[in-house]
Structure formats: C-alpha cells, structure tokens
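Student: Below is one structure. I have some questions about it.
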Amino acid sequence: MQINEPYVFMGGTFDPVHHGHLRTALEIQQWLQVSQVSLIPSGEPVHREQPGCSAEHRLAMVTLAVADAASLHVDEREVSSSEPSFSALTLTSLRNELGPQRPICMVMGMDAYLTLPQWKDWHTFLSLCHIIAVARPGYQYQPVAQMDEFTRLHAAESPLVLTEKPCGSVLIHELTPLGISATQIRELIGQGHSPRYLLPDQVWEYIKQHQLYSYKRGK
Ligand code: ATP
Ligand code: MG
C-alpha cells in the first residue's frame, strides 16, 4: 500500500449486488491505483423504501460477489451496527478508525450524487471525505442549482487532489457505462425471467437457493 493511499468505498443497498456496482468499483480501483475498494452494504436504509431482502442476505451476496476479487473488499460496518445507516455516521466511524490524515473517497453513482441535499448531515461529508460521482446510464448531470454550486465550489482539478488532502473535493468521473440496476433485476425475477449475466452467477445461485425477490423454482 502507498503511504497515505486513499481508503475508497462505495455504499449501497446492493439489493442485489450486480455488475454495474462491481465494474464501477474495479474501474475506480484501477484508475486511482489503490490496492482495494470497499463495498459497504447498508443495514436499515434511511433514504429509500425497505429493500427486497434482509441486510444479512444482501451482505452474503456482496461477500460471494467479491470472494475471488483481491481488489474488492466487503466492509460490514453498517450491517453490524445497531445505528441506522446514515452516511454521516459511517464516514465518522471510518475517519475515527483511519485517522485525520488518510484520504477517504466515497464513490457514488450520478443518481445518488444528485440527491445528496436530501441526505442527513450532507454538508458535513466533505469535512470527512472526498466524493467521486460516476456517470450512470439514464442519469445525466442535470443538477438543481444547489448541487451545481456545490460541485463548482468543490470540484477537484485533478485526481491527484484525492491523495494530497484527506477530504474536501468532488470529482465527476466517466467509466464504462453499464445500464444495470437492482430494480431491473428484482423486476425480472418477480416476472419469472432470468437476470443472468447482469450479476455474478454465484449471486444468482444464492437468490434461487434462498428464494429471494419472489423467485419461484421452476418458473
Ligand atoms: P436500486 O435499483 O434498488 O436503487 P441500484 O442498482 O441503484 O439499486 P444501489 O444499491 O441503489 O443499486 O446503488 C449503490 C450505489 O451504486 C449508488 O451510488 C448507485 O448510484 C451506484 N450504482 C448502481 N448501479 C450502478 C451502475 N450501473 N453504474 C454506476 N453506478 C451504479
Ligand atoms: Mg439505487
């Protein structure tokens, strides 16, 4: 690990994890040349409706998905915590653990980035981490005025900033666009169709084995 290598993570419901998440995490890891990117599945979601299956199942699927990927890691802190999964709490817990100097980068899709003003304590995020917003098919960068100003005010000139400072910058990054969503996967399964090739085979096997998302054997 480089000295002061950023801790890079992507939070989400991962209901279920799919190749859009995994490919994003891997490309960010390669782009920033860090040894690992962590995926942090949420416990109880606070910004959205309840997920289609339990935190334990979602964590188990992410664990299966990254089992043979040395550069991807699962961080269980939100599922293990008794607190609700607020990003501000997660960032504080990471900052306490990693110390004041180590850069922390929070990766999110453009859909999530554009809703930031609705997240609890979002104004504190940049005092704890950098934010990397990645393009996602179907979501143009069309910010409300508040987000436009926020982005312009904090935009990093180059990714080097992410290693030079512990927090405080925003970067918008383009990578291979994959128009996959967990919503689409849940809908396919609910309609009796296979979601195969949108997500790792091990995750699809797990869904069938545990009959998640209204999966019916033999349908
Ligand atoms: P749902 O449809 O249930 O909302 P999702 O596919 O959006 O699921 P989430 O768990 O909500 O997955 O997303 C976790 C994070 O991953 C978010 O920051 C989201 O923007 C990002 N993300 C999800 N899918 C993609 C994708 N295909 N490409 C880039 N980022 C993605
Ligand atoms: Mg989503």
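Identifiers for the structure tokens are assigned positionally: chains receive A, B, ... in sequence, residues are indexed from 1 per chain, and ligands are indexed from 1 in the order shown.
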Could I get the residue neighbourhood of ligand 2 at 8 Å, counting only C-alpha atoms and all ligand atoms, as a PyMOL selection string?

Tutor: chain A and resi 12-13+111-112+181-183

Student: Within 10 Å of Lys216 of chain A, counting only C-alpha atoms, which residues show up once you throw out same-chain ones fewer than 3 positions away? Write them as JSON, numbers by chain, please.

Tutor: {"A": [189, 190, 191, 192, 208, 211, 212, 213, 219]}

Student: Could you give me the residues within 7 Å of ligand 1, counting only C-alpha atoms and all ligand atoms, as a list in words?

Tutor: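 I would give the residues around ligand 1 as Met10, Gly11, Gly12, Thr13, Phe14, Asp15, Val17, Gly20, His21, Thr24, Val107, Met108, Gly109, Met110, Asp111, Ala112, Val134, Ala135, Arg136, Pro137, Pro177, Leu178, Gly179, Ile180, Ser181, Ala182, Thr183 and Gln184 of chain A.
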
Student: Could you write those residues out with C-alpha atoms, as a short mmCIF file (atom, residue, chain, number, x, y, z; two decimals), in the first residue's frame?

Tutor:
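File part-v8.cif, as written:
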data_model
loop_
_atom_site.label_atom_id
_atom_site.label_comp_id
_atom_site.auth_asym_id
_atom_site.auth_seq_id
_atom_site.Cartn_x
_atom_site.Cartn_y
_atom_site.Cartn_z
CA MET A 10 -18.91 2.57 -2.35
CA GLY A 11 -22.01 2.31 -0.17
CA GLY A 12 -25.34 0.96 -1.31
CA THR A 13 -28.29 -1.25 -0.63
CA PHE A 14 -26.91 -3.88 -3.04
CA ASP A 15 -30.36 -5.43 -3.30
CA VAL A 17 -25.25 -6.51 -5.97
CA GLY A 20 -22.81 -2.22 -12.53
CA HIS A 21 -21.58 -1.98 -8.92
CA THR A 24 -17.59 0.60 -11.14
CA VAL A 107 -17.88 6.73 -4.62
CA MET A 108 -21.48 7.07 -5.77
CA GLY A 109 -23.49 6.92 -8.97
CA MET A 110 -24.80 10.13 -10.50
CA ASP A 111 -28.36 9.31 -9.37
CA ALA A 112 -27.22 9.19 -5.75
CA VAL A 134 -19.62 8.32 -11.51
CA ALA A 135 -21.70 8.63 -14.64
CA ARG A 136 -24.57 6.15 -14.82
CA PRO A 137 -26.65 5.48 -17.94
CA PRO A 177 -21.41 2.77 -18.78
CA LEU A 178 -23.45 -0.24 -17.67
CA GLY A 179 -27.18 0.40 -17.55
CA ILE A 180 -27.87 -2.27 -14.93
CA SER A 181 -29.95 -1.63 -11.81
CA ALA A 182 -31.02 -3.81 -8.91
CA THR A 183 -34.59 -2.64 -9.57
CA GLN A 184 -34.43 -4.18 -13.04
#

Student: Taking the backbone alone, and naming residues the way the document does, which bits of segment 132-195 of chain A are alpha helix (DSSP H) by DSSP, as a list of chain:residue names?

Tutor: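 Alpha helix (DSSP H) assignments inside segment 132-195 of chain A correspond to A:Ala145, A:Gln146, A:Met147, A:Asp148, A:Glu149, A:Phe150, A:Thr151, A:Arg152, A:Leu153, A:His154, A:Val161, A:Leu162, A:Thr163, A:Glu164, A:Ala182, A:Thr183, A:Gln184, A:Ile185, A:Arg186, A:Glu187, A:Leu188, A:Ile189, A:Gly190.
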
Student: Those same residues, written as a PDB file, in the first residue's frame with N, CA, C and O atoms?

Tutor:
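The new file out.pdb reads:
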ATOM      1  N   ALA A 145     -29.921  23.835  -8.674  1.00  0.00           N
ATOM      2  CA  ALA A 145     -28.972  24.941  -8.501  1.00  0.00           C
ATOM      3  C   ALA A 145     -28.028  24.706  -7.319  1.00  0.00           C
ATOM      4  O   ALA A 145     -26.818  24.952  -7.396  1.00  0.00           O
ATOM      5  N   GLN A 146     -28.586  24.176  -6.230  1.00  0.00           N
ATOM      6  CA  GLN A 146     -27.790  23.958  -5.010  1.00  0.00           C
ATOM      7  C   GLN A 146     -26.625  22.987  -5.276  1.00  0.00           C
ATOM      8  O   GLN A 146     -25.500  23.193  -4.828  1.00  0.00           O
ATOM      9  N   MET A 147     -26.896  21.926  -6.040  1.00  0.00           N
ATOM     10  CA  MET A 147     -25.858  20.933  -6.320  1.00  0.00           C
ATOM     11  C   MET A 147     -24.868  21.462  -7.337  1.00  0.00           C
ATOM     12  O   MET A 147     -23.688  21.129  -7.301  1.00  0.00           O
ATOM     13  N   ASP A 148     -25.369  22.288  -8.257  1.00  0.00           N
ATOM     14  CA  ASP A 148     -24.483  22.861  -9.263  1.00  0.00           C
ATOM     15  C   ASP A 148     -23.435  23.729  -8.569  1.00  0.00           C
ATOM     16  O   ASP A 148     -22.233  23.646  -8.836  1.00  0.00           O
ATOM     17  N   GLU A 149     -23.900  24.525  -7.633  1.00  0.00           N
ATOM     18  CA  GLU A 149     -22.998  25.407  -6.895  1.00  0.00           C
ATOM     19  C   GLU A 149     -22.015  24.592  -6.054  1.00  0.00           C
ATOM     20  O   GLU A 149     -20.814  24.865  -6.022  1.00  0.00           O
ATOM     21  N   PHE A 150     -22.538  23.574  -5.390  1.00  0.00           N
ATOM     22  CA  PHE A 150     -21.708  22.682  -4.556  1.00  0.00           C
ATOM     23  C   PHE A 150     -20.599  22.052  -5.403  1.00  0.00           C
ATOM     24  O   PHE A 150     -19.428  22.035  -5.014  1.00  0.00           O
ATOM     25  N   THR A 151     -20.970  21.560  -6.596  1.00  0.00           N
ATOM     26  CA  THR A 151     -19.990  20.895  -7.459  1.00  0.00           C
ATOM     27  C   THR A 151     -18.926  21.894  -7.920  1.00  0.00           C
ATOM     28  O   THR A 151     -17.728  21.598  -7.867  1.00  0.00           O
ATOM     29  N   ARG A 152     -19.374  23.073  -8.341  1.00  0.00           N
ATOM     30  CA  ARG A 152     -18.404  24.061  -8.843  1.00  0.00           C
ATOM     31  C   ARG A 152     -17.458  24.516  -7.737  1.00  0.00           C
ATOM     32  O   ARG A 152     -16.271  24.686  -7.939  1.00  0.00           O
ATOM     33  N   LEU A 153     -18.018  24.652  -6.551  1.00  0.00           N
ATOM     34  CA  LEU A 153     -17.219  25.137  -5.413  1.00  0.00           C
ATOM     35  C   LEU A 153     -16.137  24.140  -5.000  1.00  0.00           C
ATOM     36  O   LEU A 153     -15.042  24.522  -4.595  1.00  0.00           O
ATOM     37  N   HIS A 154     -16.449  22.853  -5.120  1.00  0.00           N
ATOM     38  CA  HIS A 154     -15.544  21.832  -4.564  1.00  0.00           C
ATOM     39  C   HIS A 154     -14.842  20.976  -5.604  1.00  0.00           C
ATOM     40  O   HIS A 154     -14.100  20.060  -5.236  1.00  0.00           O
ATOM     41  N   VAL A 161      -5.481  15.385  -6.269  1.00  0.00           N
ATOM     42  CA  VAL A 161      -6.005  16.002  -5.046  1.00  0.00           C
ATOM     43  C   VAL A 161      -6.479  14.933  -4.056  1.00  0.00           C
ATOM     44  O   VAL A 161      -6.388  15.095  -2.840  1.00  0.00           O
ATOM     45  N   LEU A 162      -6.964  13.820  -4.627  1.00  0.00           N
ATOM     46  CA  LEU A 162      -7.521  12.775  -3.773  1.00  0.00           C
ATOM     47  C   LEU A 162      -6.458  12.113  -2.899  1.00  0.00           C
ATOM     48  O   LEU A 162      -6.782  11.465  -1.910  1.00  0.00           O
ATOM     49  N   THR A 163      -5.200  12.234  -3.292  1.00  0.00           N
ATOM     50  CA  THR A 163      -4.149  11.671  -2.447  1.00  0.00           C
ATOM     51  C   THR A 163      -3.437  12.742  -1.636  1.00  0.00           C
ATOM     52  O   THR A 163      -2.769  12.452  -0.654  1.00  0.00           O
ATOM     53  N   GLU A 164      -3.601  13.987  -2.057  1.00  0.00           N
ATOM     54  CA  GLU A 164      -2.860  15.069  -1.382  1.00  0.00           C
ATOM     55  C   GLU A 164      -3.569  15.595  -0.135  1.00  0.00           C
ATOM     56  O   GLU A 164      -2.936  16.126   0.762  1.00  0.00           O
ATOM     57  N   ALA A 182     -30.452  -2.746  -9.747  1.00  0.00           N
ATOM     58  CA  ALA A 182     -31.025  -3.806  -8.912  1.00  0.00           C
ATOM     59  C   ALA A 182     -32.543  -3.844  -9.088  1.00  0.00           C
ATOM     60  O   ALA A 182     -33.156  -4.921  -9.036  1.00  0.00           O
ATOM     61  N   THR A 183     -33.146  -2.687  -9.331  1.00  0.00           N
ATOM     62  CA  THR A 183     -34.594  -2.643  -9.572  1.00  0.00           C
ATOM     63  C   THR A 183     -34.955  -3.527 -10.767  1.00  0.00           C
ATOM     64  O   THR A 183     -35.898  -4.331 -10.711  1.00  0.00           O
ATOM     65  N   GLN A 184     -34.185  -3.374 -11.836  1.00  0.00           N
ATOM     66  CA  GLN A 184     -34.435  -4.185 -13.044  1.00  0.00           C
ATOM     67  C   GLN A 184     -34.292  -5.683 -12.713  1.00  0.00           C
ATOM     68  O   GLN A 184     -35.118  -6.494 -13.143  1.00  0.00           O
ATOM     69  N   ILE A 185     -33.300  -6.034 -11.938  1.00  0.00           N
ATOM     70  CA  ILE A 185     -33.068  -7.444 -11.583  1.00  0.00           C
ATOM     71  C   ILE A 185     -34.233  -7.969 -10.732  1.00  0.00           C
ATOM     72  O   ILE A 185     -34.768  -9.050 -10.989  1.00  0.00           O
ATOM     73  N   ARG A 186     -34.670  -7.192  -9.754  1.00  0.00           N
ATOM     74  CA  ARG A 186     -35.800  -7.638  -8.917  1.00  0.00           C
ATOM     75  C   ARG A 186     -37.052  -7.807  -9.776  1.00  0.00           C
ATOM     76  O   ARG A 186     -37.821  -8.746  -9.594  1.00  0.00           O
ATOM     77  N   GLU A 187     -37.245  -6.883 -10.733  1.00  0.00           N
ATOM     78  CA  GLU A 187     -38.440  -6.987 -11.592  1.00  0.00           C
ATOM     79  C   GLU A 187     -38.376  -8.224 -12.470  1.00  0.00           C
ATOM     80  O   GLU A 187     -39.372  -8.950 -12.615  1.00  0.00           O
ATOM     81  N   LEU A 188     -37.217  -8.490 -13.058  1.00  0.00           N
ATOM     82  CA  LEU A 188     -37.078  -9.681 -13.906  1.00  0.00           C
ATOM     83  C   LEU A 188     -37.417 -10.943 -13.107  1.00  0.00           C
ATOM     84  O   LEU A 188     -38.182 -11.798 -13.561  1.00  0.00           O
ATOM     85  N   ILE A 189     -36.847 -11.036 -11.906  1.00  0.00           N
ATOM     86  CA  ILE A 189     -37.079 -12.236 -11.096  1.00  0.00           C
ATOM     87  C   ILE A 189     -38.556 -12.336 -10.731  1.00  0.00           C
ATOM     88  O   ILE A 189     -39.162 -13.407 -10.827  1.00  0.00           O
ATOM     89  N   GLY A 190     -39.154 -11.206 -10.365  1.00  0.00           N
ATOM     90  CA  GLY A 190     -40.571 -11.192  -9.998  1.00  0.00           C
ATOM     91  C   GLY A 190     -41.475 -11.633 -11.144  1.00  0.00           C
ATOM     92  O   GLY A 190     -42.536 -12.215 -10.931  1.00  0.00           O
TER      93      GLY A 190
END

Student: Could you give me, as an MDAnalysis selection string, the residues within 12 Å of Ser85 of chain A, counting only C-alpha atoms and dropping anything in the same chain fewer than 5 positions from it?

Tutor: chainID A and resid 11:13 40:48 55 76:80 90:93 119:120

Student: Could you write out the selected residues, including N, CA and C atoms, as a PDB file, in the first residue's frame?

Tutor:
ATOM      1  N   GLY A  11     -20.903   2.798  -1.001  1.00  0.00           N
ATOM      2  CA  GLY A  11     -22.006   2.307  -0.173  1.00  0.00           C
ATOM      3  C   GLY A  11     -23.205   1.996  -1.051  1.00  0.00           C
ATOM      4  N   GLY A  12     -24.127   1.218  -0.532  1.00  0.00           N
ATOM      5  CA  GLY A  12     -25.341   0.956  -1.309  1.00  0.00           C
ATOM      6  C   GLY A  12     -26.222  -0.065  -0.616  1.00  0.00           C
ATOM      7  N   THR A  13     -27.401  -0.214  -1.167  1.00  0.00           N
ATOM      8  CA  THR A  13     -28.285  -1.252  -0.634  1.00  0.00           C
ATOM      9  C   THR A  13     -27.844  -2.617  -1.171  1.00  0.00           C
ATOM     10  N   ILE A  40     -19.728  -1.222   0.940  1.00  0.00           N
ATOM     11  CA  ILE A  40     -20.356  -1.177   2.275  1.00  0.00           C
ATOM     12  C   ILE A  40     -21.867  -1.310   2.123  1.00  0.00           C
ATOM     13  N   PRO A  41     -22.395  -2.531   2.286  1.00  0.00           N
ATOM     14  CA  PRO A  41     -23.849  -2.697   2.209  1.00  0.00           C
ATOM     15  C   PRO A  41     -24.528  -2.015   3.402  1.00  0.00           C
ATOM     16  N   SER A  42     -25.675  -1.412   3.140  1.00  0.00           N
ATOM     17  CA  SER A  42     -26.387  -0.705   4.215  1.00  0.00           C
ATOM     18  C   SER A  42     -27.089  -1.700   5.131  1.00  0.00           C
ATOM     19  N   GLY A  43     -27.272  -1.274   6.370  1.00  0.00           N
ATOM     20  CA  GLY A  43     -28.142  -2.008   7.276  1.00  0.00           C
ATOM     21  C   GLY A  43     -29.560  -1.572   6.951  1.00  0.00           C
ATOM     22  N   GLU A  44     -30.167  -0.847   7.875  1.00  0.00           N
ATOM     23  CA  GLU A  44     -31.513  -0.334   7.626  1.00  0.00           C
ATOM     24  C   GLU A  44     -31.416   0.905   6.745  1.00  0.00           C
ATOM     25  N   PRO A  45     -31.950   0.882   5.523  1.00  0.00           N
ATOM     26  CA  PRO A  45     -31.840   2.085   4.690  1.00  0.00           C
ATOM     27  C   PRO A  45     -32.697   3.219   5.239  1.00  0.00           C
ATOM     28  N   VAL A  46     -32.180   4.447   5.088  1.00  0.00           N
ATOM     29  CA  VAL A  46     -32.918   5.584   5.619  1.00  0.00           C
ATOM     30  C   VAL A  46     -33.405   6.516   4.520  1.00  0.00           C
ATOM     31  N   HIS A  47     -32.854   6.354   3.306  1.00  0.00           N
ATOM     32  CA  HIS A  47     -33.201   7.285   2.231  1.00  0.00           C
ATOM     33  C   HIS A  47     -34.125   6.650   1.213  1.00  0.00           C
ATOM     34  N   ARG A  48     -34.625   5.478   1.480  1.00  0.00           N
ATOM     35  CA  ARG A  48     -35.386   4.793   0.445  1.00  0.00           C
ATOM     36  C   ARG A  48     -36.297   3.761   1.095  1.00  0.00           C
ATOM     37  N   ALA A  55     -30.672  -7.426   5.421  1.00  0.00           N
ATOM     38  CA  ALA A  55     -29.280  -6.970   5.373  1.00  0.00           C
ATOM     39  C   ALA A  55     -28.332  -8.176   5.349  1.00  0.00           C
ATOM     40  N   GLU A  76     -18.292  -4.612   6.612  1.00  0.00           N
ATOM     41  CA  GLU A  76     -19.578  -4.990   7.216  1.00  0.00           C
ATOM     42  C   GLU A  76     -20.085  -3.968   8.225  1.00  0.00           C
ATOM     43  N   ARG A  77     -19.432  -2.825   8.339  1.00  0.00           N
ATOM     44  CA  ARG A  77     -19.734  -1.955   9.491  1.00  0.00           C
ATOM     45  C   ARG A  77     -21.197  -1.503   9.553  1.00  0.00           C
ATOM     46  N   GLU A  78     -21.841  -1.255   8.422  1.00  0.00           N
ATOM     47  CA  GLU A  78     -23.231  -0.761   8.506  1.00  0.00           C
ATOM     48  C   GLU A  78     -24.185  -1.882   8.886  1.00  0.00           C
ATOM     49  N   VAL A  79     -23.957  -3.071   8.355  1.00  0.00           N
ATOM     50  CA  VAL A  79     -24.841  -4.195   8.690  1.00  0.00           C
ATOM     51  C   VAL A  79     -24.658  -4.582  10.159  1.00  0.00           C
ATOM     52  N   SER A  80     -23.418  -4.515  10.647  1.00  0.00           N
ATOM     53  CA  SER A  80     -23.131  -4.920  12.032  1.00  0.00           C
ATOM     54  C   SER A  80     -23.568  -3.868  13.050  1.00  0.00           C
ATOM     55  N   THR A  90     -21.291   6.600   9.106  1.00  0.00           N
ATOM     56  CA  THR A  90     -20.284   5.701   8.522  1.00  0.00           C
ATOM     57  C   THR A  90     -18.976   6.453   8.288  1.00  0.00           C
ATOM     58  N   LEU A  91     -19.107   7.678   7.760  1.00  0.00           N
ATOM     59  CA  LEU A  91     -17.898   8.469   7.494  1.00  0.00           C
ATOM     60  C   LEU A  91     -17.175   8.810   8.797  1.00  0.00           C
ATOM     61  N   THR A  92     -17.946   9.108   9.842  1.00  0.00           N
ATOM     62  CA  THR A  92     -17.316   9.431  11.124  1.00  0.00           C
ATOM     63  C   THR A  92     -16.599   8.201  11.671  1.00  0.00           C
ATOM     64  N   SER A  93     -17.239   7.052  11.535  1.00  0.00           N
ATOM     65  CA  SER A  93     -16.616   5.822  12.030  1.00  0.00           C
ATOM     66  C   SER A  93     -15.335   5.515  11.243  1.00  0.00           C
ATOM     67  N   TRP A 119     -29.787  13.997   1.962  1.00  0.00           N
ATOM     68  CA  TRP A 119     -29.151  13.068   2.904  1.00  0.00           C
ATOM     69  C   TRP A 119     -28.859  13.781   4.222  1.00  0.00           C
ATOM     70  N   LYS A 120     -29.040  13.053   5.289  1.00  0.00           N
ATOM     71  CA  LYS A 120     -28.829  13.649   6.616  1.00  0.00           C
ATOM     72  C   LYS A 120     -27.377  14.143   6.764  1.00  0.00           C
TER      73      LYS A 120
END

Student: Distance atom CA of Pro195 of chain A-atom CA of Ser214 of chain A, one decimal place?

Tutor: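 Atom-to-atom, atom CA of Pro195 of chain A and atom CA of Ser214 of chain A are spaced 13.1 Å apart.
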